[in-house]
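Trainee: Below is the file input-v3.txt, which contains compact mmCIF, C-alpha atoms.
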```txt
# COMPACT_ATOMS: atom_id res chain seq x y z
CA GLN A 51 0.00 0.00 0.00
CA VAL A 52 1.41 3.36 -1.05
CA GLN A 53 1.41 6.17 1.48
CA LEU A 54 1.39 9.76 0.30
CA ALA A 55 2.67 12.81 2.15
CA GLU A 56 2.08 16.33 0.90
CA SER A 57 4.11 19.34 2.02
CA GLY A 58 5.01 22.86 1.04
CA GLY A 59 1.78 24.73 1.65
CA GLY A 60 1.47 27.97 3.52
CA LEU A 61 0.19 31.52 3.53
CA VAL A 62 1.10 33.60 0.50
CA GLN A 63 0.01 36.97 -0.84
CA PRO A 64 -1.89 37.26 -4.12
CA GLY A 65 0.56 37.05 -6.99
CA GLY A 66 2.96 34.92 -4.98
CA SER A 67 4.31 31.44 -5.54
CA LEU A 68 4.55 28.15 -3.71
CA ARG A 69 6.02 24.76 -4.54
CA LEU A 70 4.24 21.70 -3.23
CA SER A 71 5.83 18.28 -2.86
CA CYS A 72 4.30 14.82 -2.71
CA ALA A 73 6.41 11.97 -1.38
CA ALA A 74 5.26 8.40 -2.06
CA SER A 75 6.35 5.31 -0.17
CA GLY A 76 5.91 2.66 -2.84
CA SER A 77 7.76 1.96 -6.07
CA ILE A 78 4.49 1.54 -7.93
CA PHE A 79 4.30 5.35 -7.87
CA SER A 80 6.65 5.44 -10.84
CA ILE A 81 4.23 3.70 -13.20
CA TYR A 82 1.07 5.51 -12.16
CA THR A 83 -0.45 8.62 -13.63
CA MET A 84 -0.49 10.96 -10.65
CA GLY A 85 -2.31 14.17 -9.94
CA TRP A 86 -2.71 17.13 -7.66
CA TYR A 87 -6.17 17.71 -6.28
CA ARG A 88 -7.57 20.52 -4.18
CA GLN A 89 -10.58 21.00 -1.98
CA ALA A 90 -11.78 24.42 -0.99
CA PRO A 91 -14.18 24.93 1.93
CA GLY A 92 -17.69 23.86 0.96
CA LYS A 93 -16.59 22.54 -2.42
CA GLN A 94 -15.87 19.13 -3.89
CA ARG A 95 -12.35 17.92 -4.38
CA GLU A 96 -11.16 18.67 -7.90
CA LEU A 97 -8.24 17.51 -10.02
CA VAL A 98 -6.08 20.48 -11.00
CA ALA A 99 -3.14 18.80 -12.72
CA SER A 100 -2.00 15.33 -13.72
CA ILE A 101 1.17 13.77 -15.06
CA THR A 102 1.76 10.38 -16.64
CA SER A 103 4.67 8.13 -15.79
CA GLY A 104 6.38 9.45 -18.91
CA GLY A 105 5.84 13.08 -18.04
CA SER A 106 2.87 14.10 -20.15
CA THR A 107 0.84 16.72 -18.33
CA ASN A 108 -2.70 17.99 -18.23
CA TYR A 109 -4.17 20.97 -16.38
CA ALA A 110 -7.54 22.29 -15.35
CA GLU A 111 -8.42 25.48 -17.18
CA SER A 112 -8.40 27.44 -13.92
CA VAL A 113 -4.68 26.81 -13.36
CA LYS A 114 -3.36 26.46 -16.90
CA GLY A 115 -0.38 28.74 -17.48
CA ARG A 116 0.14 29.31 -13.75
CA PHE A 117 0.77 25.85 -12.30
CA THR A 118 3.39 23.33 -13.40
CA ILE A 119 3.33 19.68 -12.38
CA SER A 120 6.47 17.55 -12.46
CA ARG A 121 7.80 14.32 -11.02
CA GLU A 122 11.02 12.52 -10.19
CA ASN A 123 10.25 8.81 -10.33
CA ALA A 124 13.60 7.78 -8.89
CA LYS A 125 12.82 9.86 -5.81
CA ARG A 126 9.13 8.83 -5.77
CA THR A 127 8.29 12.50 -5.57
CA MET A 128 5.92 14.79 -7.42
CA TYR A 129 5.81 18.57 -7.40
CA LEU A 130 3.39 21.37 -8.12
CA GLN A 131 4.89 24.77 -8.84
CA MET A 132 2.19 27.36 -8.33
CA ASN A 133 2.71 30.90 -9.62
CA SER A 134 0.48 33.96 -9.80
CA LEU A 135 -1.62 32.64 -6.97
CA ASN A 136 -4.98 34.25 -6.29
CA PRO A 137 -7.48 33.87 -3.42
CA GLU A 138 -9.50 31.36 -5.47
CA ASP A 139 -6.54 28.98 -5.19
CA THR A 140 -7.02 28.74 -1.43
CA ALA A 141 -7.65 25.09 -0.59
CA VAL A 142 -6.19 21.95 0.89
CA TYR A 143 -4.03 20.33 -1.78
CA TYR A 144 -3.67 16.56 -2.07
CA CYS A 145 -1.79 14.20 -4.33
CA ASN A 146 -3.07 10.83 -5.51
CA ALA A 147 -3.37 8.62 -8.54
CA ALA A 148 -5.27 10.21 -11.40
CA ARG A 149 -7.33 9.34 -14.47
CA ASP A 150 -8.06 5.60 -14.69
CA TYR A 151 -5.59 4.56 -12.01
CA PRO A 152 -7.02 3.33 -8.69
CA LYS A 153 -6.66 5.77 -5.85
CA PHE A 154 -4.36 5.22 -2.90
CA SER A 155 -5.38 6.21 0.60
CA TRP A 156 -5.55 9.99 0.85
CA GLY A 157 -2.87 11.80 2.78
CA GLN A 158 -3.39 14.72 5.14
CA GLY A 159 -2.98 17.29 2.42
CA THR A 160 -1.26 20.64 2.69
CA GLN A 161 -3.09 23.91 3.24
CA VAL A 162 -2.56 26.73 0.76
CA THR A 163 -3.97 30.10 1.75
CA VAL A 164 -3.75 33.07 -0.59
CA SER A 165 -4.55 36.29 1.21
CA SER A 166 -3.25 39.79 1.68
```
Render the structure in this file as structure tokens.
Mentor:
Amino acid sequence: QVQLAESGGGLVQPGGSLRLSCAASGSIFSIYTMGWYRQAPGKQRELVASITSGGSTNYAESVKGRFTISRENAKRTMYLQMNSLNPEDTAVYYCNAARDYPKFSWGQGTQVTVSS
């Protein structure tokens, strides 16, 4: 069973940047399509970015051009570089398998708050 641990969140002003990290415990991580999800208060969890094992990426329209997803399979780690943050990006961010891949147990997530 793969365990996921997200980190890197925090409080940032509008227009600022953050880099999130997702560390996975199992080697199967390297063959899965993975994604970053977020859940804002009162809203459903949504997929914001995904990346295949080979590095092909896909983004939600709301973050396209501002967020960049990447991964280092050898380190079992995935990243989300978030630039030009705005208050609508405030949410708890999670990583997990994406698309047709079965989900792992959800981690604790990392809180991102965008506020002046």
Trainee: Choose the residue, out of A:Ser75, A:Ser134, A:Thr160, A:Asn146, that has the smallest atom-to-atom separation from A:Ala99; count only C-alpha atoms.
Mentor: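 For A:Ala99, the nearest of the given residues is A:Asn146.
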Trainee: Using Å and a single decimal, report how far atom CA of A:Ile81 sits from atom CA of A:Thr102.
Mentor: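 Atom-to-atom, atom CA of A:Thr102 and atom CA of A:Ile81 are spaced 7.9 Å apart.
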Trainee: Between A:Pro152, A:Gly157, A:Gly85, A:Gly58, which residue has the minimum interatomic distance to A:Asn108, considering all atoms listed in the file?
Mentor: A:Gly85
Trainee: Give the padded box for stretch 133-149 of chain A as JSON: axis-aligned, covering all atoms listed in the file, 4 Å on each side, centre and edge lengths in Å to one decimal.
Mentor:
```
{"center_x": -3.4, "center_y": 21.4, "center_z": -6.8, "size_x": 20.2, "size_y": 33.6, "size_z": 23.4}
```
Trainee: Using only C-alpha atoms, find the one residue out of A:Ile78, A:Met84, A:Ala90, A:Leu54 that sits nearest to A:Leu130.
Mentor: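 Nearest to A:Leu130: A:Met84.
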Trainee: Pick from A:Arg149, A:Arg116, A:Arg88, A:Arg69: nearest to A:Ser100, with only C-alpha atoms counted?
Mentor: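 That would be A:Arg149, the residue with the smallest distance to A:Ser100.
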Trainee: For A:Gly66, work out the shell of residues within 7 Å, counting only C-alpha atoms and skipping chain neighbours fewer than 3 positions away, then give it as a list in words.
Mentor: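 Non-adjacent residues within range: Val62, Gln63, Asn133, Ser134 and Leu135 of chain A.
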Trainee: Please report the interatomic distance between atom CA of A:Asn123 and atom CA of A:Gln94 in Å with one decimal.
Mentor: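 Here the two named atoms are 28.8 Å from each other.
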Trainee: Which distance in Å separates atom CA of A:Ala74 and atom CA of A:Thr127, to one decimal?
Mentor: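 Separation of atom CA of A:Ala74 and atom CA of A:Thr127: 6.2 Å.
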Trainee: Go through A:Leu97, A:Arg126, A:Lys114, A:Gln53 one by one, measure the shortest atom-to-atom distance of each to A:Ser80 using all atoms listed in the file, and give the residue with the smallest value.
Mentor: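 Residue with the minimum atom-to-atom distance to A:Ser80: A:Arg126.
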Trainee: Quick one: of A:Ala141, A:Val162, A:Ile101, A:Ala124, who's nearest to A:Tyr82, counting all atoms listed in the file?
Mentor: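 Ranking A:Ala141, A:Val162, A:Ile101, A:Ala124 by distance to A:Tyr82, first place goes to A:Ile101.
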Trainee: Compile the contact shell of A:Gly105 as a PDB file with C-alpha atoms, in the frame of the given file: residues with an atom at most 9 Å away, counting all atoms listed in the file, same-chain residues fewer than 5 positions apart removed.
Mentor:
```pdb
ATOM      1  CA  THR A  83      -0.450   8.620 -13.630  1.00  0.00           C
ATOM      2  CA  SER A 120       6.470  17.550 -12.460  1.00  0.00           C
ATOM      3  CA  ARG A 121       7.800  14.320 -11.020  1.00  0.00           C
TER       4      ARG A 121
END
```
Trainee: Show which residues sit within 7 Å of A:Glu56, as a PDB file with C-alpha atoms, keeping the file's coordinate frame. Count only C-alpha atoms, and ignore same-chain residues fewer than 6 positions away.
Mentor:
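And here is the file that came out, out-v7.pdb:
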```
ATOM      1  CA  SER A  71       5.830  18.280  -2.860  1.00  0.00           C
ATOM      2  CA  CYS A  72       4.300  14.820  -2.710  1.00  0.00           C
ATOM      3  CA  ALA A  73       6.410  11.970  -1.380  1.00  0.00           C
ATOM      4  CA  TYR A 144      -3.670  16.560  -2.070  1.00  0.00           C
ATOM      5  CA  CYS A 145      -1.790  14.200  -4.330  1.00  0.00           C
ATOM      6  CA  GLY A 157      -2.870  11.800   2.780  1.00  0.00           C
ATOM      7  CA  GLY A 159      -2.980  17.290   2.420  1.00  0.00           C
ATOM      8  CA  THR A 160      -1.260  20.640   2.690  1.00  0.00           C
TER       9      THR A 160
END
```
